[in-house]
Structures are given as structure tokens and as C-alpha cells.
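File shown: coords_11.tsv. Contents: TSV, N, CA and C atoms and all ligand atoms.
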```tsv
chain	number	residue	atom	x	y	z
B	1	MET	N	-1.74	-9.67	-14.82
B	1	MET	CA	-2.56	-10.17	-13.68
B	1	MET	C	-3.85	-9.37	-13.59
B	2	THR	N	-4.93	-10.06	-13.29
B	2	THR	CA	-6.22	-9.36	-13.15
B	2	THR	C	-6.28	-8.62	-11.81
B	3	HIS	N	-7.21	-7.68	-11.73
B	3	HIS	CA	-7.43	-7.00	-10.45
B	3	HIS	C	-7.77	-8.01	-9.36
B	4	ASP	N	-8.61	-9.00	-9.72
B	4	ASP	CA	-9.01	-9.99	-8.72
B	4	ASP	C	-7.82	-10.79	-8.20
B	5	ALA	N	-6.88	-11.09	-9.07
B	5	ALA	CA	-5.71	-11.86	-8.64
B	5	ALA	C	-4.82	-11.01	-7.72
B	6	LEU	N	-4.74	-9.71	-8.03
B	6	LEU	CA	-3.95	-8.83	-7.16
B	6	LEU	C	-4.60	-8.73	-5.78
B	7	ILE	N	-5.92	-8.61	-5.77
B	7	ILE	CA	-6.65	-8.57	-4.50
B	7	ILE	C	-6.46	-9.88	-3.74
B	8	ALA	N	-6.49	-10.98	-4.44
B	8	ALA	CA	-6.30	-12.29	-3.79
B	8	ALA	C	-4.92	-12.37	-3.14
B	9	ALA	N	-3.91	-11.81	-3.80
B	9	ALA	CA	-2.56	-11.81	-3.22
B	9	ALA	C	-2.53	-10.95	-1.96
B	10	ALA	N	-3.25	-9.84	-1.96
B	10	ALA	CA	-3.30	-8.99	-0.76
B	10	ALA	C	-4.04	-9.70	0.37
B	11	ARG	N	-5.08	-10.44	0.02
B	11	ARG	CA	-5.81	-11.20	1.06
B	11	ARG	C	-4.90	-12.26	1.69
B	12	ARG	N	-4.12	-12.91	0.86
B	12	ARG	CA	-3.20	-13.94	1.41
B	12	ARG	C	-2.14	-13.27	2.30
B	13	ALA	N	-1.62	-12.14	1.86
B	13	ALA	CA	-0.60	-11.44	2.65
B	13	ALA	C	-1.16	-11.01	4.00
B	14	ARG	N	-2.43	-10.63	4.00
B	14	ARG	CA	-3.08	-10.18	5.24
B	14	ARG	C	-3.03	-11.24	6.32
B	15	GLU	N	-3.05	-12.49	5.92
B	15	GLU	CA	-3.01	-13.59	6.90
B	15	GLU	C	-1.72	-13.59	7.71
B	16	ASN	N	-0.68	-12.95	7.20
B	16	ASN	CA	0.60	-12.90	7.90
B	16	ASN	C	0.72	-11.70	8.85
B	17	ALA	N	-0.33	-10.88	8.90
B	17	ALA	CA	-0.25	-9.64	9.71
B	17	ALA	C	0.10	-9.96	11.16
B	18	LEU	N	0.93	-9.09	11.73
B	18	LEU	CA	1.24	-9.16	13.16
B	18	LEU	C	0.50	-7.99	13.80
B	19	ALA	N	-0.75	-8.26	14.17
B	19	ALA	CA	-1.64	-7.19	14.64
B	19	ALA	C	-2.21	-7.53	16.01
B	20	ALA	N	-1.33	-7.96	16.91
B	20	ALA	CA	-1.77	-8.41	18.23
B	20	ALA	C	-2.37	-7.27	19.05
B	21	PHE	N	-2.02	-6.04	18.75
B	21	PHE	CA	-2.48	-4.92	19.58
B	21	PHE	C	-3.78	-4.33	19.06
B	22	SER	N	-3.93	-4.19	17.78
B	22	SER	CA	-5.16	-3.63	17.21
B	22	SER	C	-6.14	-4.71	16.74
B	23	GLN	N	-5.65	-5.90	16.51
B	23	GLN	CA	-6.45	-6.98	15.89
B	23	GLN	C	-6.93	-6.60	14.49
B	24	PHE	N	-6.32	-5.58	13.92
B	24	PHE	CA	-6.76	-5.07	12.62
B	24	PHE	C	-5.73	-5.50	11.57
B	25	LYS	N	-6.05	-6.56	10.86
B	25	LYS	CA	-5.10	-7.11	9.90
B	25	LYS	C	-5.29	-6.47	8.53
B	26	VAL	N	-4.18	-6.10	7.90
B	26	VAL	CA	-4.21	-5.48	6.58
B	26	VAL	C	-3.20	-6.21	5.68
B	27	GLY	N	-3.58	-6.39	4.44
B	27	GLY	CA	-2.66	-6.96	3.45
B	27	GLY	C	-2.56	-6.03	2.26
B	28	ALA	N	-1.41	-6.04	1.62
B	28	ALA	CA	-1.21	-5.23	0.42
B	28	ALA	C	-0.48	-6.06	-0.62
B	29	ALA	N	-0.79	-5.80	-1.88
B	29	ALA	CA	-0.07	-6.44	-2.99
B	29	ALA	C	0.26	-5.35	-4.00
B	30	LEU	N	1.54	-5.16	-4.20
B	30	LEU	CA	2.06	-4.09	-5.07
B	30	LEU	C	2.56	-4.72	-6.36
B	31	GLU	N	2.11	-4.19	-7.47
B	31	GLU	CA	2.53	-4.71	-8.78
B	31	GLU	C	3.62	-3.80	-9.35
B	32	THR	N	4.71	-4.40	-9.77
B	32	THR	CA	5.78	-3.63	-10.39
B	32	THR	C	5.54	-3.54	-11.89
B	33	ALA	N	6.29	-2.66	-12.55
B	33	ALA	CA	6.10	-2.45	-13.99
B	33	ALA	C	6.38	-3.73	-14.79
B	34	ASP	N	7.23	-4.59	-14.27
B	34	ASP	CA	7.51	-5.85	-15.00
B	34	ASP	C	6.57	-6.98	-14.60
B	35	GLY	N	5.55	-6.65	-13.81
B	35	GLY	CA	4.54	-7.65	-13.46
B	35	GLY	C	4.80	-8.43	-12.20
B	36	THR	N	5.91	-8.14	-11.53
B	36	THR	CA	6.20	-8.82	-10.26
B	36	THR	C	5.21	-8.33	-9.19
B	37	ILE	N	4.78	-9.24	-8.33
B	37	ILE	CA	3.90	-8.87	-7.22
B	37	ILE	C	4.71	-8.95	-5.93
B	38	VAL	N	4.73	-7.86	-5.18
B	38	VAL	CA	5.41	-7.82	-3.89
B	38	VAL	C	4.35	-7.52	-2.83
B	39	THR	N	4.26	-8.39	-1.85
B	39	THR	CA	3.19	-8.23	-0.86
B	39	THR	C	3.72	-7.68	0.46
B	40	GLY	N	2.77	-7.22	1.28
B	40	GLY	CA	3.12	-6.74	2.61
B	40	GLY	C	1.93	-6.92	3.55
B	41	CYS	N	2.22	-6.95	4.84
B	41	CYS	CA	1.16	-6.96	5.86
B	41	CYS	C	1.57	-5.98	6.94
B	42	ASN	N	0.61	-5.58	7.77
B	42	ASN	CA	1.00	-4.68	8.86
B	42	ASN	C	1.73	-5.44	9.96
B	43	ILE	N	2.68	-4.75	10.57
B	43	ILE	CA	3.53	-5.34	11.60
B	43	ILE	C	3.53	-4.40	12.80
B	44	GLU	N	2.91	-4.86	13.87
B	44	GLU	CA	2.85	-4.07	15.10
B	44	GLU	C	3.87	-4.62	16.10
B	45	ASN	N	4.20	-3.79	17.09
B	45	ASN	CA	5.08	-4.28	18.15
B	45	ASN	C	4.71	-3.59	19.45
B	46	ALA	N	5.39	-3.99	20.53
B	46	ALA	CA	4.97	-3.58	21.86
B	46	ALA	C	5.06	-2.08	22.11
B	47	THR	N	5.84	-1.38	21.34
B	47	THR	CA	5.90	0.07	21.53
B	47	THR	C	4.76	0.79	20.80
B	48	TYR	N	3.99	0.07	20.06
B	48	TYR	CA	2.88	0.59	19.25
B	48	TYR	C	3.36	1.54	18.15
B	49	GLY	N	4.17	2.52	18.54
B	49	GLY	CA	4.53	3.60	17.63
B	49	GLY	C	5.41	3.18	16.47
B	50	LEU	N	6.01	2.02	16.58
B	50	LEU	CA	6.88	1.55	15.49
B	50	LEU	C	6.14	0.71	14.47
B	51	THR	N	4.83	0.69	14.60
B	51	THR	CA	4.01	-0.08	13.64
B	51	THR	C	4.31	0.31	12.21
B	52	LEU	N	4.38	-0.70	11.37
B	52	LEU	CA	4.48	-0.46	9.93
B	52	LEU	C	3.20	-0.95	9.26
B	53	CYS	N	2.66	-0.13	8.41
B	53	CYS	CA	1.45	-0.50	7.67
B	53	CYS	C	1.81	-1.46	6.52
B	54	ALA	N	0.81	-2.21	6.10
B	54	ALA	CA	0.99	-3.18	5.01
B	54	ALA	C	1.53	-2.52	3.74
B	55	GLU	N	1.03	-1.32	3.44
B	55	GLU	CA	1.43	-0.66	2.20
B	55	GLU	C	2.92	-0.32	2.20
B	56	ARG	N	3.37	0.21	3.35
B	56	ARG	CA	4.80	0.57	3.40
B	56	ARG	C	5.69	-0.66	3.45
B	57	VAL	N	5.25	-1.72	4.10
B	57	VAL	CA	6.04	-2.95	4.08
B	57	VAL	C	6.20	-3.43	2.64
B	58	ALA	N	5.10	-3.43	1.89
B	58	ALA	CA	5.18	-3.88	0.49
B	58	ALA	C	6.11	-2.99	-0.31
B	59	MET	N	5.96	-1.67	-0.16
B	59	MET	CA	6.80	-0.77	-0.95
B	59	MET	C	8.28	-0.88	-0.55
B	60	PHE	N	8.56	-0.97	0.74
B	60	PHE	CA	9.97	-1.04	1.15
B	60	PHE	C	10.59	-2.39	0.76
B	61	LYS	N	9.81	-3.45	0.84
B	61	LYS	CA	10.32	-4.74	0.33
B	61	LYS	C	10.68	-4.61	-1.14
B	62	ALA	N	9.77	-4.04	-1.91
B	62	ALA	CA	9.99	-3.94	-3.36
B	62	ALA	C	11.22	-3.08	-3.67
B	63	LEU	N	11.33	-1.95	-3.00
B	63	LEU	CA	12.48	-1.06	-3.24
B	63	LEU	C	13.77	-1.77	-2.88
B	64	SER	N	13.74	-2.49	-1.77
B	64	SER	CA	14.98	-3.16	-1.31
B	64	SER	C	15.36	-4.31	-2.22
B	65	GLU	N	14.40	-4.79	-3.00
B	65	GLU	CA	14.69	-5.85	-3.97
B	65	GLU	C	15.05	-5.27	-5.33
B	66	GLY	N	15.11	-3.95	-5.42
B	66	GLY	CA	15.58	-3.30	-6.65
B	66	GLY	C	14.50	-2.80	-7.57
B	67	HIS	N	13.24	-2.98	-7.22
B	67	HIS	CA	12.16	-2.50	-8.08
B	67	HIS	C	12.04	-0.98	-7.94
B	68	ARG	N	11.76	-0.31	-9.08
B	68	ARG	CA	11.67	1.14	-9.06
B	68	ARG	C	10.43	1.68	-9.75
B	69	HIS	N	9.74	0.83	-10.50
B	69	HIS	CA	8.57	1.30	-11.24
B	69	HIS	C	7.36	0.42	-10.89
B	70	PHE	N	6.24	1.09	-10.64
B	70	PHE	CA	5.08	0.39	-10.10
B	70	PHE	C	3.80	0.82	-10.81
B	71	THR	N	2.83	-0.07	-10.83
B	71	THR	CA	1.58	0.22	-11.55
B	71	THR	C	0.36	0.24	-10.64
B	72	ARG	N	0.23	-0.74	-9.76
B	72	ARG	CA	-0.99	-0.84	-8.95
B	72	ARG	C	-0.64	-1.36	-7.56
B	73	ILE	N	-1.54	-1.04	-6.62
B	73	ILE	CA	-1.45	-1.69	-5.30
B	73	ILE	C	-2.87	-2.03	-4.85
B	74	ALA	N	-3.04	-3.23	-4.34
B	74	ALA	CA	-4.31	-3.64	-3.74
B	74	ALA	C	-4.13	-3.65	-2.23
B	75	VAL	N	-5.13	-3.14	-1.53
B	75	VAL	CA	-5.11	-3.09	-0.06
B	75	VAL	C	-6.38	-3.77	0.46
B	76	VAL	N	-6.20	-4.70	1.37
B	76	VAL	CA	-7.33	-5.49	1.88
B	76	VAL	C	-7.39	-5.42	3.40
B	77	ALA	N	-8.59	-5.14	3.91
B	77	ALA	CA	-8.86	-5.24	5.34
B	77	ALA	C	-10.28	-5.78	5.50
B	78	ASP	N	-10.60	-6.21	6.71
B	78	ASP	CA	-11.91	-6.83	6.97
B	78	ASP	C	-12.90	-5.76	7.44
B	79	THR	N	-13.19	-4.80	6.58
B	79	THR	CA	-14.09	-3.70	6.93
B	79	THR	C	-15.16	-3.55	5.85
B	80	GLY	N	-16.33	-3.10	6.24
B	80	GLY	CA	-17.39	-2.84	5.27
B	80	GLY	C	-17.07	-1.64	4.40
B	81	GLU	N	-16.61	-0.57	5.07
B	81	GLU	CA	-16.13	0.60	4.33
B	81	GLU	C	-14.74	0.31	3.81
B	82	PRO	N	-14.37	0.90	2.69
B	82	PRO	CA	-13.00	0.65	2.22
B	82	PRO	C	-11.96	1.17	3.22
B	83	THR	N	-10.92	0.38	3.44
B	83	THR	CA	-9.78	0.82	4.25
B	83	THR	C	-8.77	1.42	3.29
B	84	SER	N	-8.54	2.72	3.41
B	84	SER	CA	-7.62	3.36	2.47
B	84	SER	C	-6.32	3.73	3.18
B	85	PRO	N	-5.26	3.91	2.44
B	85	PRO	CA	-3.93	4.13	3.05
B	85	PRO	C	-3.90	5.37	3.95
B	86	CYS	N	-3.18	5.25	5.06
B	86	CYS	CA	-3.03	6.37	6.00
B	86	CYS	C	-2.14	7.45	5.35
B	87	GLY	N	-2.06	8.58	6.01
B	87	GLY	CA	-1.29	9.70	5.46
B	87	GLY	C	0.17	9.37	5.17
B	88	PRO	N	0.92	8.83	6.15
B	88	PRO	CA	2.31	8.47	5.86
B	88	PRO	C	2.46	7.50	4.70
B	89	CYS	N	1.55	6.53	4.60
B	89	CYS	CA	1.63	5.59	3.47
B	89	CYS	C	1.36	6.30	2.15
B	90	ARG	N	0.43	7.24	2.14
B	90	ARG	CA	0.17	7.98	0.89
B	90	ARG	C	1.43	8.70	0.44
B	91	GLN	N	2.13	9.30	1.39
B	91	GLN	CA	3.36	10.01	1.04
B	91	GLN	C	4.40	9.07	0.43
B	92	ILE	N	4.59	7.93	1.08
B	92	ILE	CA	5.59	6.95	0.58
B	92	ILE	C	5.17	6.37	-0.76
B	93	LEU	N	3.89	6.02	-0.87
B	93	LEU	CA	3.42	5.45	-2.15
B	93	LEU	C	3.57	6.46	-3.27
B	94	TRP	N	3.27	7.72	-2.98
B	94	TRP	CA	3.41	8.75	-4.01
B	94	TRP	C	4.87	8.96	-4.40
B	95	GLU	N	5.74	9.08	-3.40
B	95	GLU	CA	7.14	9.39	-3.71
B	95	GLU	C	7.83	8.27	-4.48
B	96	PHE	N	7.50	7.03	-4.14
B	96	PHE	CA	8.21	5.92	-4.78
B	96	PHE	C	7.38	5.22	-5.85
B	97	GLY	N	6.06	5.39	-5.79
B	97	GLY	CA	5.20	4.69	-6.74
B	97	GLY	C	4.55	5.58	-7.76
B	98	GLY	N	4.57	6.90	-7.51
B	98	GLY	CA	3.92	7.82	-8.44
B	98	GLY	C	2.41	7.66	-8.44
B	99	ASN	N	1.84	7.87	-9.60
B	99	ASN	CA	0.37	7.88	-9.69
B	99	ASN	C	-0.20	6.46	-9.80
B	100	LEU	N	0.06	5.66	-8.80
B	100	LEU	CA	-0.41	4.27	-8.76
B	100	LEU	C	-1.92	4.19	-8.80
B	101	GLU	N	-2.43	3.10	-9.35
B	101	GLU	CA	-3.83	2.77	-9.14
B	101	GLU	C	-3.93	2.05	-7.79
B	102	VAL	N	-4.87	2.48	-6.96
B	102	VAL	CA	-5.04	1.92	-5.62
B	102	VAL	C	-6.39	1.21	-5.58
B	103	ILE	N	-6.33	-0.09	-5.38
B	103	ILE	CA	-7.54	-0.92	-5.38
B	103	ILE	C	-7.82	-1.32	-3.94
B	104	LEU	N	-9.00	-0.95	-3.47
B	104	LEU	CA	-9.36	-1.26	-2.08
B	104	LEU	C	-10.38	-2.38	-2.07
B	105	ALA	N	-10.20	-3.31	-1.14
B	105	ALA	CA	-11.10	-4.46	-1.08
B	105	ALA	C	-11.20	-4.97	0.35
B	106	ASN	N	-12.29	-5.70	0.60
B	106	ASN	CA	-12.37	-6.41	1.87
B	106	ASN	C	-12.29	-7.92	1.59
B	107	LEU	N	-12.72	-8.73	2.52
B	107	LEU	CA	-12.55	-10.17	2.33
B	107	LEU	C	-13.54	-10.74	1.32
B	108	GLN	N	-14.57	-9.97	1.01
B	108	GLN	CA	-15.60	-10.48	0.09
B	108	GLN	C	-15.54	-9.88	-1.30
B	109	GLU	N	-15.23	-8.57	-1.37
B	109	GLU	CA	-15.40	-7.88	-2.66
B	109	GLU	C	-14.50	-6.67	-2.77
B	110	GLU	N	-14.36	-6.21	-3.99
B	110	GLU	CA	-13.66	-4.95	-4.23
B	110	GLU	C	-14.54	-3.80	-3.76
B	111	LYS	N	-13.90	-2.76	-3.17
B	111	LYS	CA	-14.67	-1.63	-2.64
B	111	LYS	C	-14.40	-0.33	-3.37
B	112	GLY	N	-13.44	-0.32	-4.26
B	112	GLY	CA	-13.21	0.93	-5.01
B	112	GLY	C	-11.83	0.99	-5.61
B	113	ARG	N	-11.71	1.86	-6.64
B	113	ARG	CA	-10.42	2.09	-7.30
B	113	ARG	C	-10.15	3.59	-7.33
B	114	TYR	N	-8.92	3.94	-7.03
B	114	TYR	CA	-8.55	5.35	-6.95
B	114	TYR	C	-7.18	5.52	-7.59
B	115	LEU	N	-6.83	6.77	-7.86
B	115	LEU	CA	-5.48	7.09	-8.29
B	115	LEU	C	-4.79	7.85	-7.17
B	116	MET	N	-3.47	7.59	-7.05
B	116	MET	CA	-2.72	8.25	-5.97
B	116	MET	C	-2.82	9.77	-6.04
B	117	ARG	N	-2.88	10.32	-7.25
B	117	ARG	CA	-2.93	11.79	-7.32
B	117	ARG	C	-4.22	12.34	-6.72
B	118	ASP	N	-5.26	11.51	-6.68
B	118	ASP	CA	-6.51	11.93	-6.05
B	118	ASP	C	-6.49	11.70	-4.53
B	119	LEU	N	-5.74	10.69	-4.11
B	119	LEU	CA	-5.64	10.41	-2.67
B	119	LEU	C	-4.66	11.36	-1.97
B	120	LEU	N	-3.74	11.94	-2.74
B	120	LEU	CA	-2.76	12.87	-2.15
B	120	LEU	C	-2.63	14.11	-3.04
B	121	PRO	N	-3.66	14.96	-3.01
B	121	PRO	CA	-3.57	16.16	-3.85
B	121	PRO	C	-2.52	17.13	-3.32
B	122	LEU	N	-1.95	17.91	-4.20
B	122	LEU	CA	-0.96	18.93	-3.86
B	122	LEU	C	0.17	18.34	-3.00
B	123	PRO	N	0.82	17.29	-3.50
B	123	PRO	CA	1.81	16.59	-2.67
B	123	PRO	C	3.11	17.37	-2.50
B	124	PHE	N	3.78	17.10	-1.41
B	124	PHE	CA	5.17	17.52	-1.24
B	124	PHE	C	6.04	16.37	-1.74
B	125	ASP	N	7.00	16.66	-2.59
B	125	ASP	CA	7.90	15.60	-3.06
B	125	ASP	C	9.20	16.20	-3.56
B	126	ALA	N	10.07	15.36	-4.11
B	126	ALA	CA	11.43	15.76	-4.45
B	126	ALA	C	11.47	16.86	-5.52
B	127	ARG	N	10.39	17.00	-6.29
B	127	ARG	CA	10.39	18.08	-7.30
B	127	ARG	C	10.62	19.42	-6.64
B	128	LEU	N	10.09	19.58	-5.44
B	128	LEU	CA	10.19	20.85	-4.75
B	128	LEU	C	11.58	21.07	-4.16
B	129	LEU	N	12.34	20.00	-4.09
B	129	LEU	CA	13.72	20.10	-3.58
B	129	LEU	C	14.71	20.25	-4.74
B	130	GLY	N	14.19	20.30	-5.94
B	130	GLY	CA	15.06	20.35	-7.11
B	130	GLY	C	15.54	18.97	-7.50
B	131	GLY	N	14.84	17.93	-7.04
B	131	GLY	CA	15.22	16.56	-7.38
B	131	GLY	C	16.20	15.99	-6.38
B	132	PRO	N	16.19	14.67	-6.23
B	132	PRO	CA	17.09	14.04	-5.26
B	132	PRO	C	18.55	14.23	-5.64
B	133	LYS	N	19.41	14.46	-4.67
B	133	LYS	CA	20.85	14.60	-4.93
B	133	LYS	C	21.47	13.20	-5.00
B	134	PRO	N	22.44	13.01	-5.89
B	134	PRO	CA	23.04	11.67	-6.01
B	134	PRO	C	23.80	11.29	-4.73
B	201	LIG	N1	-2.97	-0.23	8.84
B	201	LIG	C1	-2.41	-0.65	7.67
B	201	LIG	O1	-1.56	-1.55	7.67
B	201	LIG	N2	-2.80	-0.06	6.51
B	201	LIG	C2	-3.82	0.84	6.42
B	201	LIG	O2	-4.16	1.28	5.32
B	201	LIG	C3	-4.53	1.29	7.62
B	201	LIG	C4	-3.91	0.86	8.91
B	201	LIG	C5	-2.61	-0.92	10.09
B	201	LIG	C6	-1.75	-0.17	11.05
B	201	LIG	C7	-2.10	-0.85	12.34
B	201	LIG	O3	-1.31	-2.02	12.47
B	201	LIG	C8	-3.53	-1.28	12.18
B	201	LIG	O4	-3.79	-1.24	10.78
B	201	LIG	C9	-4.52	-0.38	12.89
B	201	LIG	O5	-4.33	0.95	12.56
```
Could you rewrite the structure in this file as C-alpha cells?
Ligand code: THU
Amino acid sequence: MTHDALIAAARRARENALAAFSQFKVGAALETADGTIVTGCNIENATYGLTLCAERVAMFKALSEGHRHFTRIAVVADTGEPTSPCGPCRQILWEFGGNLEVILANLQEEKGRYLMRDLLPLPFDARLLGGPKP
């Protein structure tokens, strides 16, 4: 799949956002190693604090469907400046996605490409725990 097609999938996912409180809709499209695309949108609720970002929805959907290896994620919001993943999402994307390519875009154009290792330098992860216990 081309970068543009991945961005297009994130734009479509954004339309499903439940963003009644912030009005800030975000879409994400995560590509697995076998080429499957798993999308996500942000989901807000009345407590505000239980909000899930589009990136984590996409990653948790993918993990729950059995995917374990990932290559890229596209993130789309309606902003002039690139909307990049928040801190908690960077942690989750790093732990489960590794050094993903992160493609940021708005409704008109791509705004930049990054690697997760640059978005989350000096990460805390399972290596420091001696690896996950079975
Ligand atoms: N949000 C995302 O879904 N992803 C981001 O990368 C930035 C923020 C959501 C969370 C909340 O629903 C809204 O955008 C405003 O912060």
C-alpha cells in the first residue's frame, strides 16, 4: 500500500471519531507486517479522562485481533501543523509497534514522516524489566 493510501484510510477512520467534547477528530491507520490495515479514531466520553486516542484504538484493535508486527502508522487531524502522537500513545506504539514509521497528515496533505525511535528517545520498555514474563 502506498503512503497516500494509508493516509486515506486514516482520513476515513477520522470520520468515525467520537469527539463531542473537544471537537478534535483524529484518525489513524496502522499497517501490520502482513499488509493488513487496522484503523482507529479517538473516542471521548463524559468523564473526559477516559478518552482514547486514535493511535491507541488502532493498536489495541490490532493486538486484540492477533497482530504482533507492524510497519507504519498514519495519523490524520484537521490542523495546519502536524498532529503528532501524545506521550501515552508514543509509549504504547513503541512497546507494541517498535520503530514504526509515523506518517502525519491533515485533510489536504502529508505533513511529515518520523520514526518512533526519534519521537520517543531513551524509552522505558520491557528490556529494562528483563523481558516480559510468560
Ligand atoms: N487525540 C488523538 O486521538 N490523537 C492524537 O495524536 C492527539 C489527540 C485526541 C484525544 C482527544 O479526543 C482529542 O484528540 C483532543 O485532545
Looking at only N, CA and C atoms, which of B:Ala28, B:Val76, B:Cys41, B:Leu18 is the one that sits closest to Leu107 of chain B?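 Closest to Leu107 of chain B of all the choices is B:Val76.
Counting only C-alpha atoms and all ligand atoms and comparing B:Gly66, B:Gly130, B:Pro85, B:Gly49, the residue that lies closest to ligand LIG 201 (chain B) is B:Pro85.
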Given 6 Å and all atoms listed in the file, residues near ligand LIG 201 (chain B) as number ranges by chain: B: 19, 22, 24-26, 41-44, 51-55, 83-86
List as a PyMOL selection string the protein and nucleic acid residues near Ala9 of chain B, meaning an atom at most 7 Å away when all atoms listed in the file are counted, but skip any in the same chain fewer than 2 places from it. chain B and resi 4-7+11-14+27-29+39
Correct to one decimal, the distance atom C of Thr32 of chain B-atom CA of Asp78 of chain B is 25.9 Å
Residues of chain B classed as strand (DSSP E) by DSSP on the backbone are to be reported as an MDAnalysis selection string. chainID B and resid 26:32 37:41 70:77 101:105 110:115
Counting only N, CA and C atoms, which of B:Gln91, B:Asn106, B:Thr47, B:Ser64 gets nearest to Ala77 of chain B?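 Of the candidates, the smallest distance to Ala77 of chain B is held by B:Asn106.
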For a test of reading the model, state the distance in Å between atom C of Leu115 of chain B and atom C of Phe70 of chain B, rounded to one decimal.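 Straight-line distance from atom C of Leu115 of chain B to atom C of Phe70 of chain B works out to 11.7 Å.
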Work out how far apart atom CA of Arg127 of chain B and atom CA of Leu30 of chain B are and give it in Å to one decimal. 23.8 Å
Looking at B:Gly87, B:Ala105, B:Glu95, B:Ala62, which one is nearest to Val75 of chain B, with distances taken over all atoms listed in the file?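 Counting all atoms listed in the file, the residue closest to Val75 of chain B is B:Ala105.
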With distances taken over all atoms listed in the file, which of B:Leu93, B:Leu129, B:Ala20, B:Ala10 is nearest to Met116 of chain B?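 Smallest distance to Met116 of chain B is found for B:Leu93.
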Using DSSP assignments from the backbone, pull out every residue in segment 22-80 of chain B that falls under alpha helix (DSSP H) and give it to me as a list of chain:residue names.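 After running DSSP on the backbone, segment 22-80 of chain B has alpha helix (DSSP H) at B:Ala54, B:Glu55, B:Arg56, B:Val57, B:Ala58, B:Met59, B:Phe60, B:Lys61, B:Ala62, B:Leu63, B:Ser64.
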Now that the selection is made, can you save its residues with N, CA and C atoms as a PDB file, in the frame of the given file?
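result-v5.pdb, written as the output of this step:
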```pdb
ATOM      1  N   ALA B  54       0.810  -2.210   6.100  1.00  0.00           N
ATOM      2  CA  ALA B  54       0.990  -3.180   5.010  1.00  0.00           C
ATOM      3  C   ALA B  54       1.530  -2.520   3.740  1.00  0.00           C
ATOM      4  N   GLU B  55       1.030  -1.320   3.440  1.00  0.00           N
ATOM      5  CA  GLU B  55       1.430  -0.660   2.200  1.00  0.00           C
ATOM      6  C   GLU B  55       2.920  -0.320   2.200  1.00  0.00           C
ATOM      7  N   ARG B  56       3.370   0.210   3.350  1.00  0.00           N
ATOM      8  CA  ARG B  56       4.800   0.570   3.400  1.00  0.00           C
ATOM      9  C   ARG B  56       5.690  -0.660   3.450  1.00  0.00           C
ATOM     10  N   VAL B  57       5.250  -1.720   4.100  1.00  0.00           N
ATOM     11  CA  VAL B  57       6.040  -2.950   4.080  1.00  0.00           C
ATOM     12  C   VAL B  57       6.200  -3.430   2.640  1.00  0.00           C
ATOM     13  N   ALA B  58       5.100  -3.430   1.890  1.00  0.00           N
ATOM     14  CA  ALA B  58       5.180  -3.880   0.490  1.00  0.00           C
ATOM     15  C   ALA B  58       6.110  -2.990  -0.310  1.00  0.00           C
ATOM     16  N   MET B  59       5.960  -1.670  -0.160  1.00  0.00           N
ATOM     17  CA  MET B  59       6.800  -0.770  -0.950  1.00  0.00           C
ATOM     18  C   MET B  59       8.280  -0.880  -0.550  1.00  0.00           C
ATOM     19  N   PHE B  60       8.560  -0.970   0.740  1.00  0.00           N
ATOM     20  CA  PHE B  60       9.970  -1.040   1.150  1.00  0.00           C
ATOM     21  C   PHE B  60      10.590  -2.390   0.760  1.00  0.00           C
ATOM     22  N   LYS B  61       9.810  -3.450   0.840  1.00  0.00           N
ATOM     23  CA  LYS B  61      10.320  -4.740   0.330  1.00  0.00           C
ATOM     24  C   LYS B  61      10.680  -4.610  -1.140  1.00  0.00           C
ATOM     25  N   ALA B  62       9.770  -4.040  -1.910  1.00  0.00           N
ATOM     26  CA  ALA B  62       9.990  -3.940  -3.360  1.00  0.00           C
ATOM     27  C   ALA B  62      11.220  -3.080  -3.670  1.00  0.00           C
ATOM     28  N   LEU B  63      11.330  -1.950  -3.000  1.00  0.00           N
ATOM     29  CA  LEU B  63      12.480  -1.060  -3.240  1.00  0.00           C
ATOM     30  C   LEU B  63      13.770  -1.770  -2.880  1.00  0.00           C
ATOM     31  N   SER B  64      13.740  -2.490  -1.770  1.00  0.00           N
ATOM     32  CA  SER B  64      14.980  -3.160  -1.310  1.00  0.00           C
ATOM     33  C   SER B  64      15.360  -4.310  -2.220  1.00  0.00           C
TER      34      SER B  64
END
```
Just the residues within 8 Å of Asp34 of chain B, please, counting all atoms listed in the file, with nothing from its chain fewer than 3 positions along; format it as a PyMOL selection string. chain B and resi 31+37+69-71
Residues near Asn99 of chain B, anyone? I mean within 5 Å using all atoms listed in the file, not counting same-chain ones fewer than 2 positions away, as an MDAnalysis selection string. chainID B and resid 97 101 116:117
Residue among B:Gln108, B:Val38, B:Thr79, B:Phe96 lying closest to Lys61 of chain B, counting only N, CA and C atoms: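 Of B:Gln108, B:Val38, B:Thr79, B:Phe96, the one nearest Lys61 of chain B is B:Val38, counting only N, CA and C atoms.
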Given 3 Å on each side, where is the centre and what are the edge lengths in Å to one decimal of the axis-aligned box enclosing the listed atoms of segment 119-126 of chain B, as JSON?
```
{"center_x": 2.9, "center_y": 14.7, "center_z": -3.4, "size_x": 23.2, "size_y": 14.5, "size_z": 10.3}
```
